[in-house]
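Report on the following structure.
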Amino acid sequence: MNEEYDVIVLGTGLTECILSGIMSVNGKKVLHMDRNSYYGGESASITPLEDLYKRFNIPGSPPESMGRGRDWNVDLIPKFLMANGQLVKMLLYTEVTRYLDFKVTEGSFVYKGGKIYKVPSTEAEALASSLMGLFEKRRFRKFLVYVANFDENDPRTFEGVDPKKTTMRDVYKKFDLGQDVIDFTGHALALYRTDDYLDQPCQETINRIKLYSESLARYGKSPYLYPLYGLGELPQGFARLSAIYGGTYMLNKPIEEIVIENGKVVGVKSEGEVARCKQLICDPSYVPDRVTKVGLVIRVICILNHPIKNTNDANSCQIIIPQNQVNRKSDIYVCMISSAHNVAAQGKYIAIVSTTVETGDPEREIKPALDLLEPIEQKFVSISDLFAPTDLGTESQIFISRTYDATTHFETTCDDIKDIYKRMMGSEFDFEEMKRKKNDIYGEQEQQ
């Protein structure tokens with residue numbers, strides 16, 4: 001271990017594993033350590049079920065009705081992948097897809113007036129949806145056609161809108177869309193957690209709705225994908241990538257000290273030995289003095305023995321409860337998966353509710369979501385601090401990831417990965433560049 005590395009990574013959460021994979025592909029010498037005995041850190045999948053009961057201090061062992069403990073892989077942090085999103089691009093370009101199998105999530109639903117409705121995201125669905133009246137449907141259809149044709153590089157598609165100046169609120173006005181439609185467009189299609197976006201330039205929102213539609217177009221049922229055996233498979237896939245390119249992995253390594261000289265990281269001390277490095281990547285738990293608390297997230301893992309009502313018995317789905325519908329500032333999310341994804345015993349479903357905490361009584365805040373899931377066999381409640389780095393790493397060369405937020409997709413995590421990459425390397429993260437580098441190393445041998 002007493003060696004010199006370009007980069008040392010602490011923690012095997014998804015962000016850290018993707019970055020160690022990217023750095024290894026870039027020819028960096030990487031050492032990756034975790035104090036835990038398992039991969040995934042905060043974004044692990046817990047198996048067997050007995051371990052989940054222990055982790056949440058639930059007395060006794062799971063009842064027999066839960067089936068075999070080994071059949072369970074329960075995510076601590078629920079997220080789906082957008083089929084056309086950044087994480088899927090990273091998986092495809094690095095070919096980490098060869099280690100994973102995905103299933104399309106069966107549906108996306110939105111909450112309105114105490115009921116749930118399928119999110120209409122194509123013209124045909126919009127016209128058939130019971131979410132809107134007839135005239136509203138026509139206006140919404142026109143809006144979807146506008147978004148589909150919109151091209152930020154072609155002013156002819158703007159129709160009098162300035163993507164960098166016109167607010168989204170004004171675009172909704174242009175199409176005369178009502179409040180309910182605005183709610184599901186902003187929260188279930190553009191996937192915003194709050195309404196702050198309404199007064200910002202519309203380009204970002206239009207591109208988010210395009211991403212949703214294009215993701216949906218790839219597989220039809222919904223724009224979301226989910227890996228068999230749980231999200232814990234993702235960090236492990238990128239860890240394998242790093243190992244192929246010479247990265248070294250050590251689990252169960254207590255981290256005693258991050259060694260700093262003249263304000264700059266020079267190494268990490270573990271079990272009396274120091275591994276030296278030029279740069280360090282880690283999650284907030286390794287550097288409590290360099291992060292600040294920016295909020296709280298509540299997540300409730302619910303085990304059910306039935307699909308969620310009014311979802312056409314879907315074996316997987318997402319439900320978004322827009323904040324307006326329940327007098328809140330941020331949305332409530334429900335992610336549901338089941339034995340169809342090899343994460344639960346036969347006939348069982350796992351629904352995970354999450355939101356950003358806004359009051360002193362977080363469990364009361366998520367009641368509207370729990371009401372949709374009744375009856376619930378077992379609940380596991382966690383309330384986690386959200387941390388962000390206070391130090392951008394320019395001086396110290398310590399690059400700290402952000403805590404995973406309440407969103408149910410990985411787009412914000414990928415933004416963090418690209419941001420850390422830029423701060424470390426001094427250049428923008430480029431998907432194509434990564435593909436080329438990978439081919440440089442792999443390509444020659446494969447062609448012979």
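In the structure tokens, each chain is lettered A, B, ... as it comes, each chain's residues begin at 1, and ligands are numbered from 1 in order of appearance.
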
Within 7 Å of range 377-379 of chain A using only C-alpha atoms, minus same-chain residues under 3 positions, as a PyMOL selection string: chain A and resi 300-304

Return as JSON lines the residues of range 331-393 of chain A lying at most 7 Å from range 306-315 of chain A, together with the closest atom-to-atom pair for each and the distance in Å to one decimal, counting only C-alpha atoms, with rows in chain order and ascending residue number.
```
{"residue": "A:Ile337", "atom": "CA", "partner": "A:Asn315", "partner_atom": "CA", "distance": 6.1}
{"residue": "A:Ser338", "atom": "CA", "partner": "A:Asn315", "partner_atom": "CA", "distance": 5.8}
{"residue": "A:Ala340", "atom": "CA", "partner": "A:Asn315", "partner_atom": "CA", "distance": 6.7}
{"residue": "A:Lys348", "atom": "CA", "partner": "A:His306", "partner_atom": "CA", "distance": 6.8}
{"residue": "A:Tyr349", "atom": "CA", "partner": "A:His306", "partner_atom": "CA", "distance": 6.6}
{"residue": "A:Leu373", "atom": "CA", "partner": "A:Ile308", "partner_atom": "CA", "distance": 5.9}
```

List as a tab-separated table every residue of range 176-283 of chain A that is in contact with range 401-405 of chain A, defined as an atom at most 12 Å from one of its atoms (using only C-alpha atoms), together with the nearest atom pair and the distance in Å rounded to one decimal, sorted by chain and then rising number.
```
residue	atom	partner	partner_atom	distance
A:Arg193	CA	A:Asp405	CA	10.3
A:Leu280	CA	A:Ser401	CA	11.0
A:Ile281	CA	A:Ser401	CA	7.6
A:Cys282	CA	A:Ser401	CA	6.3
A:Asp283	CA	A:Ser401	CA	5.1
```

Neighbour list for Thr194 in chain A as a list of chain:residue names, cut-off 8 Å, only C-alpha atoms, skip fewer than 5 positions in-chain: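 In the requested form, the answer reads A:His187, A:Gln323, A:Lys329, A:Ser330, A:Asp331.
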
Nearest-residue call for Lys137 in chain A, choices A:Leu296, A:Ala124, A:Val381, A:Leu14, using only C-alpha atoms: A:Ala124

Residue set, range 87-196 of chain A restricted to strand (DSSP E or B), as a PyMOL selection string: chain A and resi 102-104+108-112+115-118+167

Would you mind exporting C-alpha atoms of the selected residues as a short mmCIF file (atom, residue, chain, number, x, y, z; two decimals), in the first residue's frame?
```cif
data_model
loop_
_atom_site.label_atom_id
_atom_site.label_comp_id
_atom_site.auth_asym_id
_atom_site.auth_seq_id
_atom_site.Cartn_x
_atom_site.Cartn_y
_atom_site.Cartn_z
CA PHE A 102 -32.04 -3.76 -17.15
CA LYS A 103 -35.81 -3.81 -17.23
CA VAL A 104 -38.07 -0.98 -18.31
CA SER A 108 -45.08 6.69 -14.55
CA PHE A 109 -47.96 8.18 -12.59
CA VAL A 110 -48.86 11.59 -11.20
CA TYR A 111 -51.04 12.47 -8.20
CA LYS A 112 -53.98 14.84 -8.53
CA LYS A 115 -55.94 9.96 -7.02
CA ILE A 116 -53.17 8.78 -9.34
CA TYR A 117 -53.18 9.04 -13.13
CA LYS A 118 -50.78 7.77 -15.79
CA THR A 167 -39.44 32.31 -18.66
#
```

Pick from A:Val119, A:Met168, A:Ile77, A:Ile400, whichever lies nearest to Pro284 in chain A using only C-alpha atoms: A:Ile400

Picked from range 41-136 of chain A by DSSP as alpha helix (DSSP H), as an NGL selection string: :A and (49-55 or 86-94 or 123-128 or 134-136)

Grab the residues selected above and save them as a PDB file, in the first residue's frame with N, CA and C atoms.
```
ATOM      1  N   LEU A  49     -32.387  -9.944   3.645  1.00  0.00           N
ATOM      2  CA  LEU A  49     -33.371  -9.079   4.297  1.00  0.00           C
ATOM      3  C   LEU A  49     -33.049  -8.906   5.791  1.00  0.00           C
ATOM      4  N   GLU A  50     -32.473  -9.962   6.401  1.00  0.00           N
ATOM      5  CA  GLU A  50     -32.111  -9.889   7.830  1.00  0.00           C
ATOM      6  C   GLU A  50     -31.224  -8.667   8.093  1.00  0.00           C
ATOM      7  N   ASP A  51     -30.311  -8.372   7.140  1.00  0.00           N
ATOM      8  CA  ASP A  51     -29.389  -7.242   7.328  1.00  0.00           C
ATOM      9  C   ASP A  51     -30.125  -5.909   7.325  1.00  0.00           C
ATOM     10  N   LEU A  52     -31.213  -5.839   6.546  1.00  0.00           N
ATOM     11  CA  LEU A  52     -31.997  -4.600   6.502  1.00  0.00           C
ATOM     12  C   LEU A  52     -32.672  -4.382   7.862  1.00  0.00           C
ATOM     13  N   TYR A  53     -33.226  -5.458   8.444  1.00  0.00           N
ATOM     14  CA  TYR A  53     -33.851  -5.357   9.771  1.00  0.00           C
ATOM     15  C   TYR A  53     -32.819  -4.880  10.797  1.00  0.00           C
ATOM     16  N   LYS A  54     -31.604  -5.445  10.728  1.00  0.00           N
ATOM     17  CA  LYS A  54     -30.540  -5.054  11.678  1.00  0.00           C
ATOM     18  C   LYS A  54     -30.178  -3.592  11.479  1.00  0.00           C
ATOM     19  N   ARG A  55     -30.019  -3.203  10.212  1.00  0.00           N
ATOM     20  CA  ARG A  55     -29.575  -1.843   9.895  1.00  0.00           C
ATOM     21  C   ARG A  55     -30.544  -0.805  10.455  1.00  0.00           C
ATOM     22  N   GLN A  86     -28.021  10.773 -18.919  1.00  0.00           N
ATOM     23  CA  GLN A  86     -26.551  10.809 -18.890  1.00  0.00           C
ATOM     24  C   GLN A  86     -25.934   9.518 -18.353  1.00  0.00           C
ATOM     25  N   LEU A  87     -26.594   8.905 -17.339  1.00  0.00           N
ATOM     26  CA  LEU A  87     -25.990   7.708 -16.751  1.00  0.00           C
ATOM     27  C   LEU A  87     -26.006   6.559 -17.756  1.00  0.00           C
ATOM     28  N   VAL A  88     -27.089   6.459 -18.540  1.00  0.00           N
ATOM     29  CA  VAL A  88     -27.151   5.392 -19.552  1.00  0.00           C
ATOM     30  C   VAL A  88     -26.051   5.608 -20.588  1.00  0.00           C
ATOM     31  N   LYS A  89     -25.814   6.884 -20.945  1.00  0.00           N
ATOM     32  CA  LYS A  89     -24.703   7.172 -21.874  1.00  0.00           C
ATOM     33  C   LYS A  89     -23.375   6.727 -21.276  1.00  0.00           C
ATOM     34  N   MET A  90     -23.169   7.036 -19.991  1.00  0.00           N
ATOM     35  CA  MET A  90     -21.914   6.620 -19.339  1.00  0.00           C
ATOM     36  C   MET A  90     -21.789   5.102 -19.345  1.00  0.00           C
ATOM     37  N   LEU A  91     -22.911   4.416 -19.082  1.00  0.00           N
ATOM     38  CA  LEU A  91     -22.892   2.942 -19.066  1.00  0.00           C
ATOM     39  C   LEU A  91     -22.592   2.382 -20.454  1.00  0.00           C
ATOM     40  N   LEU A  92     -23.198   2.978 -21.471  1.00  0.00           N
ATOM     41  CA  LEU A  92     -23.011   2.479 -22.834  1.00  0.00           C
ATOM     42  C   LEU A  92     -21.597   2.749 -23.325  1.00  0.00           C
ATOM     43  N   TYR A  93     -21.124   3.980 -23.090  1.00  0.00           N
ATOM     44  CA  TYR A  93     -19.799   4.354 -23.615  1.00  0.00           C
ATOM     45  C   TYR A  93     -18.677   3.591 -22.937  1.00  0.00           C
ATOM     46  N   THR A  94     -18.866   3.263 -21.659  1.00  0.00           N
ATOM     47  CA  THR A  94     -17.801   2.533 -20.959  1.00  0.00           C
ATOM     48  C   THR A  94     -18.013   1.027 -21.093  1.00  0.00           C
ATOM     49  N   GLU A 123     -48.573  12.331 -27.764  1.00  0.00           N
ATOM     50  CA  GLU A 123     -49.801  12.998 -28.202  1.00  0.00           C
ATOM     51  C   GLU A 123     -51.012  12.081 -28.002  1.00  0.00           C
ATOM     52  N   ALA A 124     -50.851  10.802 -28.361  1.00  0.00           N
ATOM     53  CA  ALA A 124     -51.977   9.861 -28.256  1.00  0.00           C
ATOM     54  C   ALA A 124     -52.423   9.729 -26.798  1.00  0.00           C
ATOM     55  N   GLU A 125     -51.455   9.590 -25.890  1.00  0.00           N
ATOM     56  CA  GLU A 125     -51.800   9.445 -24.471  1.00  0.00           C
ATOM     57  C   GLU A 125     -52.450  10.713 -23.943  1.00  0.00           C
ATOM     58  N   ALA A 126     -51.936  11.862 -24.406  1.00  0.00           N
ATOM     59  CA  ALA A 126     -52.488  13.140 -23.947  1.00  0.00           C
ATOM     60  C   ALA A 126     -53.968  13.220 -24.308  1.00  0.00           C
ATOM     61  N   LEU A 127     -54.293  12.765 -25.510  1.00  0.00           N
ATOM     62  CA  LEU A 127     -55.688  12.856 -25.961  1.00  0.00           C
ATOM     63  C   LEU A 127     -56.588  11.865 -25.225  1.00  0.00           C
ATOM     64  N   ALA A 128     -55.994  10.752 -24.759  1.00  0.00           N
ATOM     65  CA  ALA A 128     -56.806   9.735 -24.075  1.00  0.00           C
ATOM     66  C   ALA A 128     -56.856   9.963 -22.558  1.00  0.00           C
ATOM     67  N   LEU A 134     -61.278  18.306 -22.728  1.00  0.00           N
ATOM     68  CA  LEU A 134     -61.019  18.250 -24.172  1.00  0.00           C
ATOM     69  C   LEU A 134     -60.195  19.423 -24.696  1.00  0.00           C
ATOM     70  N   PHE A 135     -60.585  20.655 -24.318  1.00  0.00           N
ATOM     71  CA  PHE A 135     -59.864  21.816 -24.861  1.00  0.00           C
ATOM     72  C   PHE A 135     -58.448  21.869 -24.316  1.00  0.00           C
ATOM     73  N   GLU A 136     -58.330  21.490 -23.033  1.00  0.00           N
ATOM     74  CA  GLU A 136     -57.004  21.452 -22.394  1.00  0.00           C
ATOM     75  C   GLU A 136     -56.112  20.463 -23.143  1.00  0.00           C
TER      76      GLU A 136
END
```

Pick from A:Asp391, A:Asp430, A:Asp361, A:Glu159, whichever lies nearest to Gly263 in chain A using only C-alpha atoms: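 Of the candidates, the smallest distance to Gly263 in chain A is held by A:Asp391.
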
Contacts of Gly232 in chain A at 8 Å (only C-alpha atoms; same-chain gap of 6+ positions) as JSON, numbers by chain: {"A": [39, 40, 43, 44, 45, 75]}

Pick from A:Pro368, A:Pro78, A:Pro375, A:Gly246 nearest to Gly113 in chain A, counting only C-alpha atoms: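 So, comparing all the options, the nearest one is A:Pro368.
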
Closest of A:Tyr5, A:Tyr197, A:Tyr192, A:Phe175 to Gly27 in chain A - atom-to-atom distances counting only C-alpha atoms: A:Tyr5

Top pick for closest residue to Glu233 in chain A, considering A:Pro389, A:Gly13, A:Pro48, A:Pro155 and counting only C-alpha atoms: A:Gly13
